Amino acid sequence: MIGAAFRGRLGSFDLDTAFEVPGQGITALFGPSGCGKTTVLRAIAGLMRLPEGRLVVNGETWQEGRRFVPPHRRAIGYVFQEASLFPHLSVESNLRFGLRRSRGAARIGWDEVVDLLGIGPLFDRPTAMLSGGERQRVAIGRALLSQPQLLLMDEPLSALDRFSKDEILPYLERLHASLSIPVIYVSHDIAEVERLADTLVLMGGGRVRAAGPIAAMLADPALPLIRMPQPAAVIDGAVVSTDPVYGLSEVEVPGGRLVVPGDLGPRGMRRRLRIPASDVSLGRHAPLDTTILNALPARIQGAEPEPGHQVTVRLALGADGQGAALLARVSRKSWDRLNLREGELVVARLKAVALADPAPPLSTRVTPAARTATS
Amino acid sequence: MTFRRAILRGSAAALLVSFAFAAPSRAAPTLVAVAANFTEAANEIAAAFTAATGHTVTYSFGPTGQLYTQITQNAPFEVFLAADQARPEKAEAEGLAVPGSRFTYAVGQLVLWSADAELIDGSEAALKTGGFTHVAIATPETAPYGAAAVEVMRALGIHEALASKIVQGKSISQTHQFVATGNAELGFVALSQVVADDAGSRWMIPQDLYTPIRQDAVLLKTGAENEAATAYVDFLKGPEARAIIEKYGYAPGE
Amino acid sequence: MAEGPLLDAAMVETIILTLKLAGVTTVVLLLVGTPLAWWLSRAGGLWKEVVATIVALPIVLPPTVLGFYLLIAMGPNSPLTALLGRKLSFTFEGLVVGSVIYSMPFVVNPIRNAFEAMGPRPMEVAATLRAAPLDAFFTVALPLALPGIFTGAILGFAHTVGEFGVILMIGGGIPGETKVLSVTIFDYVETLQWGKAHILAGGMLAMSFVVILAMMLVERRLNRARQ
């Protein structure tokens, strides 16, 4: 468990944040630019000392009252917006910098990190000759090799172009799948958050607006996320089977099974699915003749009217309404014509289900976590 | 300034001008180049000179070598008071000075001096017993007082013994600084530097131990036609100026 | 200039003494100036400005003013002399002290600029990688500031070789102890030994040119290697 509470004045800006997040998985600090996300991250790292603060990470108190553990004594890894590699050191020396100084047994192995991030071929190149994406991968590897108990990432993709972002995201997902250390990830890009985060801390104006599991937060009617132009639900599931003939995979999610295009990997592998609200339509009965593969029973949890004659309907998969949260954006006319109500059982037709990660599974190498899942 | 005060000032100036015209001969200014060591004596001489003749004199002070260089570059000096004999001789030889106008206006007196009132007992004893770490002299190759100091030590037969204790000042004024600040316990300085100074202790070095340090003056060709310049040269040779020169620690010239 | 060897014993002695003074001064300046430059680049507030001003003073003060105060500070009644138990004036050590003060801004400023150009990020990165402040200073800040340290060392060395006024005031021109190149050249010029003056002055000119050119070239290489 990570418990953080910081209060202080920064220039013209009042910061007053308190949140608790699980001591595992990826927690996204999400909010508009200038809302204090980075400040909170720096305070967690100890790079900045806010006068009033309390920080407990997995049972260790790093800040409380007059106690303040300096950054170099905190078992953190920190990935900055810019890779900030040491220009006077080679790629390999950069990677070894934190490793050499880490205390205790190396839980995160050299080969593991080098393979995970694909940085082996970069060792001989001067840091100045690396691309933006390569630099950031080395920076992530350097942070991991310092054997952190908590990895902090400050918008690690925001300084990169689209191409480099797409290059790095799969590595981050692999990281997530294969390493057990908790990550706090600052971002103002909802697409990144949807792909990576397990837990979301929503920030605004120096305050924490809400915190909780990502799926629940995205569908929470009290939060602004549901009113974004392109709301979506994310659902985590496990691969049940693959059908090479049709190029489809079946994924078990809470409250049903979904058919997803592509080979999603071996049985039991955890994958995250993203379902945009605009790709979900509702009906009272199961469709008879349709090209749609996914039609699942779901129970209506509520409906939020939108400007522009649309309604965002909140659903829970399964006839009992206990399954994963789903969003459907339908026209007000359809909503009224079908005369749907809260609590009613409907059939949700999913026009498209995509992996939150659009890249093909990394079949070149089975990650340790995947290996565990298959055995 | 108020209008009334401006008028008062104007009339005061007019008054001065009329006095100047009332002087016996036609009053004129002259510009004289003076070796820096002679500054104080020269200023007092200037006052006496103006009182006696009505002429005014303006000085340009500096190291002798530098003044000489300026003279060769057509500086508007009319009289040259050097700290040595060489430069006036050279000026004469190179046709910058009026032939035969060179004379010794002052003779520098060498004194062994210490800021410590106990160190020197009015004789060379302190030099011989050697109870000090440094004795300061001016650079003998370039400063006449330094050359004289070496002559004195040679004459006393202690130059070799003292060699390791000698520190050199670039000029006689720097040498004085070394001794005055106590960095050198004692040193050979010019009497003119310490004549008004009652502190410390000293030994007046007998003139027979070193070649006289003659300071020569010369009338430059630029001043040959200026009555004020020739009058200044004459005044410098006269009894009134000689008394002032002696007061400042020099022996008068011939 | 045709007669005799190019350099006589006295000239060689003065050259060796000058190089020794500049070398010792440069080493002392790096040891003292680097931490000082670090502090100046990181500290805030009025104190920093006051200290930075004191360090910069020798740039604007005439050397004779500095030399005069040093002469007094090294005199028999000064606290410095009482502290050391002996006078520093007219000694090699005294010249080192004077040269260190006189050349300080030429060493401290380039190093300080290099530390400032680095920004806070590298030290933050080092801290998040478990490097304690002193460790990070030696393994990150110093290597990154190397071009500035190099420039500072060269400037400090060259400036000390060319130093005249301060040495004149506190040196006393003792051969082999305090009579350095610039003073010797001055003497040769004063005594009209222009031949010898030419050899030493020309040599100094050539050395300064070579040193500064080498500095520019090495700096360019270092910078190119970085980017």
# chains A, B, ... in the order shown; residues from 1 in each chain; ligands from 1
$ select_by_dssp --residues "segment 46-247 of chain B" --states "helix (DSSP H, G or I)" --output "PyMOL selection string"
chain B and resi 46-53+64-72+86-93+125-129+144-155+159-165+172-180+191-194+207-209+221-223+227-237+239-247
$ residues_around --residues "Asn183 of chain B" --least-positions-apart "4" --cutoff "8 Å" --atoms "only C-alpha atoms" --output "PyMOL selection string"
(chain B and resi 134+178-179) or (chain C and resi 71-72+74-76+87+89)
$ write_last_selection --atoms "N, CA and C atoms" --output "compact mmCIF listing (two decimals), in the first residue's frame"
# COMPACT_ATOMS: atom_id res chain seq x y z
N HIS B 134 65.09 39.93 6.18
CA HIS B 134 65.14 40.59 4.87
C HIS B 134 65.63 42.03 4.96
N PHE B 178 58.15 48.19 1.44
CA PHE B 178 58.55 46.92 2.07
C PHE B 178 58.96 47.15 3.53
N VAL B 179 59.73 48.23 3.73
CA VAL B 179 60.26 48.48 5.07
C VAL B 179 59.16 49.06 5.97
N LEU C 71 50.58 42.72 0.90
CA LEU C 71 51.84 43.07 1.57
C LEU C 71 51.56 43.38 3.04
N ILE C 72 50.48 44.12 3.27
CA ILE C 72 50.13 44.45 4.65
C ILE C 72 49.67 43.19 5.40
N MET C 74 50.61 40.29 4.93
CA MET C 74 51.73 39.38 5.17
C MET C 74 52.78 40.01 6.08
N GLY C 75 52.51 41.23 6.52
CA GLY C 75 53.46 41.94 7.37
C GLY C 75 53.57 41.31 8.75
N PRO C 76 54.52 41.81 9.55
CA PRO C 76 54.82 41.16 10.84
C PRO C 76 53.67 41.25 11.85
N LYS C 87 56.43 35.06 8.30
CA LYS C 87 56.00 35.95 7.23
C LYS C 87 55.89 35.18 5.91
N SER C 89 55.63 37.09 3.01
CA SER C 89 56.18 37.97 1.98
C SER C 89 57.58 37.50 1.59
$ residues_around --residues "Thr128 of chain C" --least-positions-apart "3" --cutoff "7 Å" --atoms "only C-alpha atoms" --output "list in words"
Pro71, His72, Ile76, Gly77 and Tyr78 of chain A; Glu124 and Val125 of chain C
$ write_last_selection --atoms "C-alpha atoms" --output "PDB file, in the first residue's frame"
ATOM      1  CA  PRO A  71      16.024  10.645  -2.363  1.00  0.00           C
ATOM      2  CA  HIS A  72      19.151   8.509  -2.609  1.00  0.00           C
ATOM      3  CA  ILE A  76      12.681   4.291  -6.053  1.00  0.00           C
ATOM      4  CA  GLY A  77      13.298   4.341  -9.740  1.00  0.00           C
ATOM      5  CA  TYR A  78      12.480   7.571 -11.510  1.00  0.00           C
TER       6      TYR A  78
ATOM      7  CA  GLU C 124      18.415  14.566  -9.466  1.00  0.00           C
ATOM      8  CA  VAL C 125      18.847  11.574 -11.728  1.00  0.00           C
TER       9      VAL C 125
END
$ interface_residues --of "chain C" --to "chain B" --cutoff "10 Å" --atoms "only C-alpha atoms" --output "JSON, numbers by chain"
{"C": [68, 71, 72, 73, 74, 75, 76, 77, 87, 88, 89, 90, 168, 169, 170, 171, 172, 173, 174, 175, 178, 179, 183, 186, 187, 188, 189, 190, 191, 192]}
$ write_last_selection --atoms "C-alpha atoms" --output "PDB file, in the first residue's frame"
ATOM      1  CA  PHE C  68      49.515  46.331  -1.402  1.00  0.00           C
ATOM      2  CA  LEU C  71      51.836  43.072   1.573  1.00  0.00           C
ATOM      3  CA  ILE C  72      50.128  44.447   4.652  1.00  0.00           C
ATOM      4  CA  ALA C  73      48.384  41.133   5.331  1.00  0.00           C
ATOM      5  CA  MET C  74      51.730  39.382   5.173  1.00  0.00           C
ATOM      6  CA  GLY C  75      53.464  41.940   7.366  1.00  0.00           C
ATOM      7  CA  PRO C  76      54.824  41.161  10.845  1.00  0.00           C
ATOM      8  CA  ASN C  77      51.804  42.461  12.752  1.00  0.00           C
ATOM      9  CA  LYS C  87      56.002  35.948   7.227  1.00  0.00           C
ATOM     10  CA  LEU C  88      54.785  34.947   3.789  1.00  0.00           C
ATOM     11  CA  SER C  89      56.178  37.966   1.979  1.00  0.00           C
ATOM     12  CA  PHE C  90      59.232  37.378  -0.235  1.00  0.00           C
ATOM     13  CA  LEU C 168      56.091  42.867  -7.768  1.00  0.00           C
ATOM     14  CA  MET C 169      54.405  43.961  -4.551  1.00  0.00           C
ATOM     15  CA  ILE C 170      55.033  40.861  -2.447  1.00  0.00           C
ATOM     16  CA  GLY C 171      57.877  39.047  -4.196  1.00  0.00           C
ATOM     17  CA  GLY C 172      61.028  41.068  -3.678  1.00  0.00           C
ATOM     18  CA  GLY C 173      62.641  39.596  -6.823  1.00  0.00           C
ATOM     19  CA  ILE C 174      64.684  36.846  -5.124  1.00  0.00           C
ATOM     20  CA  PRO C 175      66.236  34.680  -7.869  1.00  0.00           C
ATOM     21  CA  THR C 178      60.257  34.846  -6.225  1.00  0.00           C
ATOM     22  CA  LYS C 179      61.847  36.259  -9.370  1.00  0.00           C
ATOM     23  CA  VAL C 183      59.534  40.438 -13.421  1.00  0.00           C
ATOM     24  CA  PHE C 186      60.590  43.888 -16.915  1.00  0.00           C
ATOM     25  CA  ASP C 187      64.170  44.036 -15.601  1.00  0.00           C
ATOM     26  CA  TYR C 188      65.660  43.234 -18.993  1.00  0.00           C
ATOM     27  CA  VAL C 189      63.565  45.931 -20.634  1.00  0.00           C
ATOM     28  CA  GLU C 190      64.466  48.463 -17.963  1.00  0.00           C
ATOM     29  CA  THR C 191      68.171  47.730 -18.311  1.00  0.00           C
ATOM     30  CA  LEU C 192      67.912  47.849 -22.105  1.00  0.00           C
TER      31      LEU C 192
END
$ atom_distance --atom1 "atom CA of Leu21 of chain C" --atom2 "atom CA of Gly156 of chain C"
11.1 Å
$ decode --residues "segment 93-145 of chain A" --atoms "C-alpha atoms" --output "PDB file, in the first residue's frame"
ATOM      1  CA  SER A  93      27.626   2.491 -17.770  1.00  0.00           C
ATOM      2  CA  ASN A  94      24.351   4.388 -17.564  1.00  0.00           C
ATOM      3  CA  LEU A  95      22.575   1.095 -16.931  1.00  0.00           C
ATOM      4  CA  ARG A  96      25.119   0.041 -14.319  1.00  0.00           C
ATOM      5  CA  PHE A  97      25.069   3.375 -12.470  1.00  0.00           C
ATOM      6  CA  GLY A  98      22.075   2.544 -10.307  1.00  0.00           C
ATOM      7  CA  LEU A  99      22.723  -1.211 -10.238  1.00  0.00           C
ATOM      8  CA  ARG A 100      26.145  -0.732  -8.652  1.00  0.00           C
ATOM      9  CA  ARG A 101      24.652   1.424  -5.923  1.00  0.00           C
ATOM     10  CA  SER A 102      21.622  -0.705  -5.125  1.00  0.00           C
ATOM     11  CA  ARG A 103      21.477  -2.421  -1.771  1.00  0.00           C
ATOM     12  CA  GLY A 104      20.568  -6.009  -1.097  1.00  0.00           C
ATOM     13  CA  ALA A 105      20.078  -8.791  -3.602  1.00  0.00           C
ATOM     14  CA  ALA A 106      19.361  -7.868  -7.216  1.00  0.00           C
ATOM     15  CA  ARG A 107      15.739  -8.952  -7.649  1.00  0.00           C
ATOM     16  CA  ILE A 108      15.556  -7.441 -11.114  1.00  0.00           C
ATOM     17  CA  GLY A 109      18.190  -9.126 -13.224  1.00  0.00           C
ATOM     18  CA  TRP A 110      20.457  -7.569 -15.822  1.00  0.00           C
ATOM     19  CA  ASP A 111      19.509  -9.989 -18.588  1.00  0.00           C
ATOM     20  CA  GLU A 112      15.840  -9.706 -17.743  1.00  0.00           C
ATOM     21  CA  VAL A 113      15.841  -5.929 -18.111  1.00  0.00           C
ATOM     22  CA  VAL A 114      18.045  -5.926 -21.197  1.00  0.00           C
ATOM     23  CA  ASP A 115      15.752  -8.430 -22.910  1.00  0.00           C
ATOM     24  CA  LEU A 116      12.542  -6.844 -21.684  1.00  0.00           C
ATOM     25  CA  LEU A 117      13.489  -3.443 -23.098  1.00  0.00           C
ATOM     26  CA  GLY A 118      15.441  -4.715 -26.090  1.00  0.00           C
ATOM     27  CA  ILE A 119      18.437  -2.519 -25.256  1.00  0.00           C
ATOM     28  CA  GLY A 120      21.198  -5.063 -25.783  1.00  0.00           C
ATOM     29  CA  PRO A 121      22.048  -3.804 -29.290  1.00  0.00           C
ATOM     30  CA  LEU A 122      22.459  -0.232 -27.973  1.00  0.00           C
ATOM     31  CA  PHE A 123      25.393  -0.876 -25.610  1.00  0.00           C
ATOM     32  CA  ASP A 124      28.111   0.263 -27.982  1.00  0.00           C
ATOM     33  CA  ARG A 125      26.443   3.404 -29.191  1.00  0.00           C
ATOM     34  CA  PRO A 126      27.147   6.836 -27.686  1.00  0.00           C
ATOM     35  CA  THR A 127      24.088   8.117 -25.849  1.00  0.00           C
ATOM     36  CA  ALA A 128      23.931  11.089 -28.208  1.00  0.00           C
ATOM     37  CA  MET A 129      23.404   8.721 -31.146  1.00  0.00           C
ATOM     38  CA  LEU A 130      20.267   7.088 -29.735  1.00  0.00           C
ATOM     39  CA  SER A 131      16.760   7.923 -30.941  1.00  0.00           C
ATOM     40  CA  GLY A 132      14.279   9.443 -28.504  1.00  0.00           C
ATOM     41  CA  GLY A 133      12.568   6.112 -27.962  1.00  0.00           C
ATOM     42  CA  GLU A 134      15.847   4.269 -27.478  1.00  0.00           C
ATOM     43  CA  ARG A 135      17.040   6.815 -24.961  1.00  0.00           C
ATOM     44  CA  GLN A 136      13.853   6.474 -22.969  1.00  0.00           C
ATOM     45  CA  ARG A 137      14.112   2.681 -22.997  1.00  0.00           C
ATOM     46  CA  VAL A 138      17.653   2.913 -21.624  1.00  0.00           C
ATOM     47  CA  ALA A 139      16.422   5.374 -18.987  1.00  0.00           C
ATOM     48  CA  ILE A 140      13.675   2.955 -17.949  1.00  0.00           C
ATOM     49  CA  GLY A 141      16.182   0.106 -17.814  1.00  0.00           C
ATOM     50  CA  ARG A 142      18.560   2.212 -15.737  1.00  0.00           C
ATOM     51  CA  ALA A 143      15.776   2.982 -13.259  1.00  0.00           C
ATOM     52  CA  LEU A 144      14.723  -0.677 -13.049  1.00  0.00           C
ATOM     53  CA  LEU A 145      18.257  -1.941 -12.491  1.00  0.00           C
TER      54      LEU A 145
END
